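Undergrad: Supplied structure: work_26.cif, mmCIF, N, CA and C atoms.
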data_entry
loop_
_atom_site.label_atom_id
_atom_site.label_comp_id
_atom_site.auth_asym_id
_atom_site.auth_seq_id
_atom_site.Cartn_x
_atom_site.Cartn_y
_atom_site.Cartn_z
N MET A 6 21.40 10.02 7.10
CA MET A 6 20.64 11.18 7.51
C MET A 6 19.70 10.83 8.67
N CYS A 7 19.07 9.65 8.59
CA CYS A 7 18.16 9.26 9.67
C CYS A 7 18.91 9.16 10.99
N LYS A 8 20.09 8.54 10.97
CA LYS A 8 20.87 8.42 12.20
C LYS A 8 21.25 9.79 12.74
N LYS A 9 21.64 10.68 11.85
CA LYS A 9 22.02 12.03 12.26
C LYS A 9 20.86 12.74 12.95
N CYS A 10 19.67 12.53 12.46
CA CYS A 10 18.48 13.18 13.02
C CYS A 10 17.81 12.32 14.10
N ARG A 11 18.41 11.20 14.42
CA ARG A 11 17.86 10.25 15.39
C ARG A 11 16.42 9.88 15.05
N SER A 12 16.23 9.52 13.79
CA SER A 12 14.92 9.10 13.33
C SER A 12 15.07 7.76 12.61
N GLU A 13 13.96 7.16 12.26
CA GLU A 13 13.97 5.88 11.57
C GLU A 13 13.43 6.05 10.15
N PHE A 14 13.95 5.23 9.27
CA PHE A 14 13.52 5.23 7.88
C PHE A 14 12.52 4.08 7.71
N VAL A 15 11.37 4.38 7.15
CA VAL A 15 10.35 3.37 6.89
C VAL A 15 9.90 3.51 5.44
N VAL A 16 9.81 2.39 4.75
CA VAL A 16 9.30 2.38 3.38
C VAL A 16 7.82 2.07 3.42
N VAL A 17 7.04 2.85 2.70
CA VAL A 17 5.59 2.63 2.62
C VAL A 17 5.26 2.23 1.19
N PHE A 18 4.65 1.05 1.04
CA PHE A 18 4.24 0.56 -0.28
C PHE A 18 2.79 0.92 -0.51
N VAL A 19 2.52 1.58 -1.63
CA VAL A 19 1.17 1.96 -2.03
C VAL A 19 0.83 1.23 -3.32
N PRO A 20 -0.11 0.30 -3.27
CA PRO A 20 -0.47 -0.45 -4.48
C PRO A 20 -1.31 0.39 -5.43
N GLY A 21 -1.29 0.01 -6.68
CA GLY A 21 -2.17 0.65 -7.66
C GLY A 21 -3.60 0.17 -7.47
N ALA A 22 -4.51 0.93 -7.99
CA ALA A 22 -5.94 0.59 -7.85
C ALA A 22 -6.26 -0.79 -8.40
N VAL A 23 -5.61 -1.21 -9.50
CA VAL A 23 -5.91 -2.52 -10.09
C VAL A 23 -5.57 -3.66 -9.13
N ALA A 24 -4.71 -3.41 -8.16
CA ALA A 24 -4.32 -4.46 -7.21
C ALA A 24 -5.28 -4.58 -6.03
N VAL A 25 -6.10 -3.56 -5.80
CA VAL A 25 -6.94 -3.58 -4.60
C VAL A 25 -8.42 -3.31 -4.84
N SER A 26 -8.77 -2.77 -5.98
CA SER A 26 -10.15 -2.35 -6.22
C SER A 26 -10.91 -3.34 -7.10
N ASP A 27 -12.21 -3.30 -6.98
CA ASP A 27 -13.07 -4.08 -7.85
C ASP A 27 -12.99 -3.45 -9.25
N PRO A 28 -12.86 -4.26 -10.30
CA PRO A 28 -12.76 -3.69 -11.65
C PRO A 28 -13.87 -2.73 -12.01
N LYS A 29 -15.08 -2.94 -11.48
CA LYS A 29 -16.20 -2.04 -11.80
C LYS A 29 -15.97 -0.63 -11.26
N ASP A 30 -15.04 -0.49 -10.31
CA ASP A 30 -14.75 0.81 -9.71
C ASP A 30 -13.61 1.55 -10.41
N ILE A 31 -13.08 0.95 -11.49
CA ILE A 31 -11.93 1.54 -12.19
C ILE A 31 -12.30 1.79 -13.64
N ASP A 32 -12.41 3.03 -14.01
CA ASP A 32 -12.80 3.40 -15.36
C ASP A 32 -11.79 2.93 -16.40
N TYR A 33 -10.52 2.91 -16.06
CA TYR A 33 -9.46 2.57 -17.01
C TYR A 33 -9.00 1.12 -16.88
N PHE A 34 -9.80 0.26 -16.21
CA PHE A 34 -9.41 -1.13 -16.02
C PHE A 34 -9.14 -1.77 -17.38
N PRO A 35 -8.05 -2.54 -17.49
CA PRO A 35 -7.72 -3.18 -18.78
C PRO A 35 -8.60 -4.39 -19.06
N TRP A 36 -9.83 -4.15 -19.50
CA TRP A 36 -10.82 -5.21 -19.67
C TRP A 36 -10.37 -6.30 -20.62
N GLY A 37 -9.49 -6.01 -21.54
CA GLY A 37 -9.03 -7.02 -22.50
C GLY A 37 -7.97 -7.94 -21.92
N GLU A 38 -7.57 -7.71 -20.70
CA GLU A 38 -6.53 -8.52 -20.06
C GLU A 38 -7.09 -9.26 -18.85
N ASP A 39 -6.63 -10.48 -18.67
CA ASP A 39 -7.02 -11.27 -17.50
C ASP A 39 -5.93 -11.12 -16.45
N LEU A 40 -6.09 -10.18 -15.54
CA LEU A 40 -5.08 -9.92 -14.52
C LEU A 40 -4.95 -11.07 -13.53
N ALA A 41 -5.90 -11.99 -13.55
CA ALA A 41 -5.81 -13.18 -12.69
C ALA A 41 -4.95 -14.27 -13.32
N ASP A 42 -4.55 -14.09 -14.58
CA ASP A 42 -3.70 -15.06 -15.28
C ASP A 42 -2.28 -14.96 -14.73
N THR A 43 -1.95 -15.89 -13.85
CA THR A 43 -0.64 -15.83 -13.18
C THR A 43 0.53 -16.15 -14.10
N SER A 44 0.25 -16.66 -15.30
CA SER A 44 1.35 -16.87 -16.25
C SER A 44 1.80 -15.54 -16.87
N LYS A 45 0.93 -14.52 -16.78
CA LYS A 45 1.25 -13.20 -17.31
C LYS A 45 1.45 -12.15 -16.22
N TYR A 46 0.66 -12.26 -15.17
CA TYR A 46 0.64 -11.23 -14.14
C TYR A 46 0.75 -11.83 -12.75
N ASP A 47 1.44 -11.13 -11.89
CA ASP A 47 1.50 -11.50 -10.47
C ASP A 47 1.30 -10.20 -9.70
N MET A 48 0.09 -9.97 -9.27
CA MET A 48 -0.25 -8.71 -8.60
C MET A 48 0.47 -8.56 -7.26
N ASN A 49 0.99 -9.66 -6.73
CA ASN A 49 1.71 -9.59 -5.46
C ASN A 49 3.22 -9.43 -5.64
N ARG A 50 3.70 -9.53 -6.86
CA ARG A 50 5.15 -9.48 -7.08
C ARG A 50 5.79 -8.18 -6.59
N PRO A 51 5.21 -7.01 -6.87
CA PRO A 51 5.84 -5.78 -6.35
C PRO A 51 6.01 -5.82 -4.83
N ASN A 52 4.99 -6.29 -4.13
CA ASN A 52 5.05 -6.38 -2.67
C ASN A 52 6.16 -7.33 -2.23
N GLU A 53 6.21 -8.49 -2.89
CA GLU A 53 7.19 -9.51 -2.51
C GLU A 53 8.62 -9.06 -2.77
N VAL A 54 8.85 -8.42 -3.90
CA VAL A 54 10.19 -7.92 -4.22
C VAL A 54 10.60 -6.84 -3.23
N LEU A 55 9.70 -5.92 -2.96
CA LEU A 55 10.01 -4.85 -2.02
C LEU A 55 10.25 -5.39 -0.61
N LYS A 56 9.42 -6.35 -0.20
CA LYS A 56 9.61 -6.95 1.12
C LYS A 56 10.96 -7.66 1.21
N SER A 57 11.34 -8.35 0.16
CA SER A 57 12.64 -9.02 0.14
C SER A 57 13.78 -8.02 0.28
N LEU A 58 13.70 -6.93 -0.46
CA LEU A 58 14.74 -5.90 -0.40
C LEU A 58 14.80 -5.22 0.96
N THR A 59 13.66 -4.85 1.49
CA THR A 59 13.66 -4.15 2.78
C THR A 59 14.10 -5.08 3.91
N THR A 60 13.73 -6.35 3.82
CA THR A 60 14.18 -7.31 4.83
C THR A 60 15.69 -7.47 4.77
N LYS A 61 16.20 -7.62 3.58
CA LYS A 61 17.66 -7.78 3.38
C LYS A 61 18.42 -6.56 3.92
N LEU A 62 17.85 -5.38 3.72
CA LEU A 62 18.50 -4.14 4.16
C LEU A 62 18.11 -3.74 5.58
N ARG A 63 17.29 -4.55 6.23
CA ARG A 63 16.80 -4.29 7.59
C ARG A 63 16.10 -2.93 7.69
N ILE A 64 15.22 -2.70 6.74
CA ILE A 64 14.40 -1.48 6.71
C ILE A 64 12.95 -1.91 6.93
N ASP A 65 12.26 -1.22 7.81
CA ASP A 65 10.86 -1.54 8.05
C ASP A 65 10.01 -1.18 6.84
N LEU A 66 9.01 -2.03 6.58
CA LEU A 66 8.10 -1.84 5.45
C LEU A 66 6.67 -1.78 5.97
N LEU A 67 5.95 -0.77 5.54
CA LEU A 67 4.51 -0.69 5.80
C LEU A 67 3.82 -0.85 4.45
N ASP A 68 3.20 -2.00 4.26
CA ASP A 68 2.51 -2.32 3.01
C ASP A 68 1.03 -2.01 3.19
N LEU A 69 0.52 -1.08 2.41
CA LEU A 69 -0.87 -0.65 2.53
C LEU A 69 -1.85 -1.48 1.71
N THR A 70 -1.37 -2.52 1.05
CA THR A 70 -2.22 -3.32 0.17
C THR A 70 -3.43 -3.88 0.89
N ASP A 71 -3.23 -4.63 1.96
CA ASP A 71 -4.37 -5.22 2.67
C ASP A 71 -5.28 -4.17 3.27
N THR A 72 -4.70 -3.10 3.78
CA THR A 72 -5.50 -2.02 4.35
C THR A 72 -6.46 -1.47 3.31
N LEU A 73 -5.97 -1.21 2.11
CA LEU A 73 -6.81 -0.65 1.05
C LEU A 73 -7.76 -1.69 0.46
N ARG A 74 -7.30 -2.92 0.32
CA ARG A 74 -8.11 -3.97 -0.29
C ARG A 74 -9.28 -4.39 0.60
N ARG A 75 -9.06 -4.47 1.88
CA ARG A 75 -10.08 -5.00 2.80
C ARG A 75 -11.04 -3.96 3.35
N HIS A 76 -10.83 -2.71 2.99
CA HIS A 76 -11.69 -1.66 3.54
C HIS A 76 -13.12 -1.83 3.03
N SER A 77 -14.06 -1.77 3.94
CA SER A 77 -15.47 -2.03 3.59
C SER A 77 -16.11 -0.93 2.76
N ASP A 78 -15.62 0.31 2.89
CA ASP A 78 -16.21 1.43 2.16
C ASP A 78 -15.41 1.66 0.88
N GLN A 79 -15.77 0.92 -0.17
CA GLN A 79 -15.06 1.02 -1.45
C GLN A 79 -15.85 1.88 -2.41
N PRO A 80 -15.26 2.50 -3.40
CA PRO A 80 -13.85 2.45 -3.74
C PRO A 80 -13.03 3.44 -2.90
N VAL A 81 -11.71 3.23 -2.87
CA VAL A 81 -10.80 4.12 -2.16
C VAL A 81 -9.94 4.92 -3.13
N TYR A 82 -10.10 4.62 -4.41
CA TYR A 82 -9.42 5.38 -5.47
C TYR A 82 -10.49 6.06 -6.33
N PHE A 83 -10.13 7.18 -6.96
CA PHE A 83 -11.03 7.78 -7.94
C PHE A 83 -11.16 6.84 -9.12
N GLU A 84 -12.33 6.82 -9.74
CA GLU A 84 -12.58 5.92 -10.87
C GLU A 84 -11.65 6.19 -12.05
N ARG A 85 -11.31 7.45 -12.27
CA ARG A 85 -10.57 7.81 -13.48
C ARG A 85 -9.12 8.20 -13.25
N SER A 86 -8.58 7.87 -12.08
CA SER A 86 -7.17 8.17 -11.85
C SER A 86 -6.60 7.20 -10.83
N TRP A 87 -5.30 7.24 -10.67
CA TRP A 87 -4.61 6.37 -9.73
C TRP A 87 -4.49 7.03 -8.36
N HIS A 88 -5.29 8.02 -8.10
CA HIS A 88 -5.21 8.77 -6.85
C HIS A 88 -6.32 8.34 -5.89
N TRP A 89 -6.02 8.43 -4.59
CA TRP A 89 -7.03 8.11 -3.60
C TRP A 89 -8.12 9.17 -3.61
N ASN A 90 -9.32 8.71 -3.31
CA ASN A 90 -10.41 9.66 -3.11
C ASN A 90 -10.42 10.05 -1.62
N LYS A 91 -11.45 10.75 -1.19
CA LYS A 91 -11.51 11.22 0.20
C LYS A 91 -11.42 10.04 1.18
N GLU A 92 -12.14 8.98 0.91
CA GLU A 92 -12.12 7.81 1.79
C GLU A 92 -10.75 7.13 1.79
N GLY A 93 -10.11 7.07 0.65
CA GLY A 93 -8.77 6.50 0.57
C GLY A 93 -7.77 7.30 1.39
N HIS A 94 -7.85 8.62 1.30
CA HIS A 94 -6.95 9.48 2.10
C HIS A 94 -7.21 9.31 3.59
N ARG A 95 -8.47 9.22 3.97
CA ARG A 95 -8.81 9.03 5.38
C ARG A 95 -8.26 7.70 5.89
N LEU A 96 -8.47 6.67 5.11
CA LEU A 96 -8.02 5.34 5.48
C LEU A 96 -6.50 5.27 5.62
N VAL A 97 -5.79 5.81 4.64
CA VAL A 97 -4.32 5.77 4.68
C VAL A 97 -3.77 6.64 5.81
N SER A 98 -4.36 7.80 6.03
CA SER A 98 -3.87 8.65 7.12
C SER A 98 -4.05 7.94 8.46
N ASN A 99 -5.15 7.24 8.64
CA ASN A 99 -5.37 6.49 9.88
C ASN A 99 -4.37 5.34 10.01
N ALA A 100 -4.12 4.64 8.90
CA ALA A 100 -3.17 3.53 8.93
C ALA A 100 -1.76 4.02 9.24
N LEU A 101 -1.35 5.13 8.62
CA LEU A 101 -0.02 5.68 8.87
C LEU A 101 0.09 6.18 10.31
N SER A 102 -0.92 6.85 10.79
CA SER A 102 -0.92 7.35 12.16
C SER A 102 -0.81 6.19 13.15
N ALA A 103 -1.58 5.15 12.93
CA ALA A 103 -1.54 3.99 13.84
C ALA A 103 -0.17 3.33 13.81
N ALA A 104 0.39 3.17 12.63
CA ALA A 104 1.70 2.53 12.51
C ALA A 104 2.79 3.36 13.18
N LEU A 105 2.75 4.66 12.98
CA LEU A 105 3.76 5.53 13.58
C LEU A 105 3.60 5.61 15.10
N CYS A 106 2.37 5.66 15.58
CA CYS A 106 2.13 5.69 17.02
C CYS A 106 2.60 4.39 17.66
N GLU A 107 2.36 3.28 16.98
CA GLU A 107 2.81 1.98 17.50
C GLU A 107 4.34 1.93 17.58
N ARG A 108 4.99 2.45 16.57
CA ARG A 108 6.47 2.50 16.57
C ARG A 108 6.96 3.39 17.71
N GLU A 109 6.30 4.51 17.92
CA GLU A 109 6.70 5.45 18.97
C GLU A 109 6.52 4.81 20.35
N LYS A 110 5.43 4.06 20.50
CA LYS A 110 5.15 3.39 21.77
C LYS A 110 6.30 2.44 22.14
N TYR A 111 6.76 1.66 21.16
CA TYR A 111 7.84 0.72 21.42
C TYR A 111 9.20 1.41 21.53
N ALA A 112 9.37 2.50 20.81
CA ALA A 112 10.64 3.23 20.85
C ALA A 112 10.86 3.90 22.20
N SER A 113 9.79 4.28 22.86
CA SER A 113 9.91 5.01 24.12
C SER A 113 10.12 4.08 25.32
N ARG A 114 10.10 2.79 25.10
CA ARG A 114 10.30 1.83 26.21
C ARG A 114 11.75 1.71 26.58
#
Kindly return the structure encoded in the file as structure tokens.
TA:
Amino acid sequence: MCKKCRSEFVVVFVPGAVAVSDPKDIDYFPWGEDLADTSKYDMNRPNEVLKSLTTKLRIDLLDLTDTLRRHSDQPVYFERSWHWNKEGHRLVSNALSAALCEREKYASR
């Protein structure tokens, strides 16, 4: 379908709040679990698996993990849900816009 429409397919990875937010900013944080225990959890595994698949299939991947994690104005998710708050939406829209504009810049050369 992308070829027919002369467009490109891009996969966007959106991490859960537990992967990018401070636990104090998450009302439903699993306090009884040590998410830093790498024998039980690997918070980067979803990113790595998806990156491996998209690389193998030659599909571009935009991973929003670092964008959301490193943003200075936290939190970017609502405390009681897995949804972005106003700041999260602003941040992601800017990141998507920048990524798409960058792709367009190189595509038009």
Undergrad: Identify which of the residues A:Leu73, A:Cys10, A:Leu58, A:Leu101 lies closest to Val25 (chain A), counting all atoms listed in the file when measuring atom-to-atom distances.
TA: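 Selected residue with least distance to Val25 (chain A): A:Leu73.
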Undergrad: The PyMOL selection byres (((chain A and resi 86-89 and name CA) around 10) and name CA) - which residues does that actually catch in the file I just gave you? List them as a ChimeraX atom specification.
TA: /A:20-23,31-33,73,80-85,90-97
Undergrad: Measure the distance from CA of Asp68 (chain A) to CA of Asn99 (chain A) in Å and round it to one decimal.
TA: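 If I compute the distance from CA of Asp68 (chain A) to CA of Asn99 (chain A), I get 13.7 Å.
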Undergrad: Please, which residues of chain A, numbered as in this document, come out helix (DSSP H, G or I) from DSSP, as a PyMOL selection string?
TA: chain A and resi 22-25+28-30+50-61+70-74+91-112
Undergrad: At what distance in Å, to one decimal, does atom C of Val17 (chain A) lie from atom C of Leu69 (chain A)?
TA: 8.0 Å
Undergrad: Please report the interatomic distance between CA of Gln79 (chain A) and CA of Pro28 (chain A) in Å with one decimal.
TA: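 Rounded to one decimal, the two atoms are 11.5 Å apart.
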Undergrad: Write down as a list in words the residues belonging to chain A that are assigned strand (DSSP E) by DSSP computed on the backbone.
TA: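 In chain A, DSSP puts these residues in strand (DSSP E): Val15, Val16, Val17, Phe18, Asp65, Leu66, Leu67 and Asp68 of chain A.
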Undergrad: Determine, counting only C-alpha atoms, which protein, DNA and RNA residues have an atom within 7 Å of an atom of Arg74 (chain A); residues of the same chain fewer than 2 positions away are not included. Present the result as a compact mmCIF listing (two decimals) with N, CA and C atoms, keeping the file's coordinate frame.
TA:
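Dumped everything to around_10.txt:
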# COMPACT_ATOMS: atom_id res chain seq x y z
N VAL A 25 -6.10 -3.56 -5.80
CA VAL A 25 -6.94 -3.58 -4.60
C VAL A 25 -8.42 -3.31 -4.84
N SER A 26 -8.77 -2.77 -5.98
CA SER A 26 -10.15 -2.35 -6.22
C SER A 26 -10.91 -3.34 -7.10
N THR A 70 -1.37 -2.52 1.05
CA THR A 70 -2.22 -3.32 0.17
C THR A 70 -3.43 -3.88 0.89
N ASP A 71 -3.23 -4.63 1.96
CA ASP A 71 -4.37 -5.22 2.67
C ASP A 71 -5.28 -4.17 3.27
N THR A 72 -4.70 -3.10 3.78
CA THR A 72 -5.50 -2.02 4.35
C THR A 72 -6.46 -1.47 3.31
N HIS A 76 -10.83 -2.71 2.99
CA HIS A 76 -11.69 -1.66 3.54
C HIS A 76 -13.12 -1.83 3.03
Undergrad: I want to know what sits within 8 Å of Phe14 (chain A), based on only C-alpha atoms, with residues of the same chain fewer than 4 positions away left out; could you give that as number ranges by chain?
TA: A: 7, 64-65
Undergrad: With 4 Å on each side, where is the centre of the axis-aligned box around all listed atoms of region 99-104 of chain A, and how long are its edges in Å to one decimal, as lines of an AutoDock Vina configuration file?
TA:
center_x = -1.3
center_y = 4.9
center_z = 11.2
size_x = 16.2
size_y = 12.8
size_z = 13.2
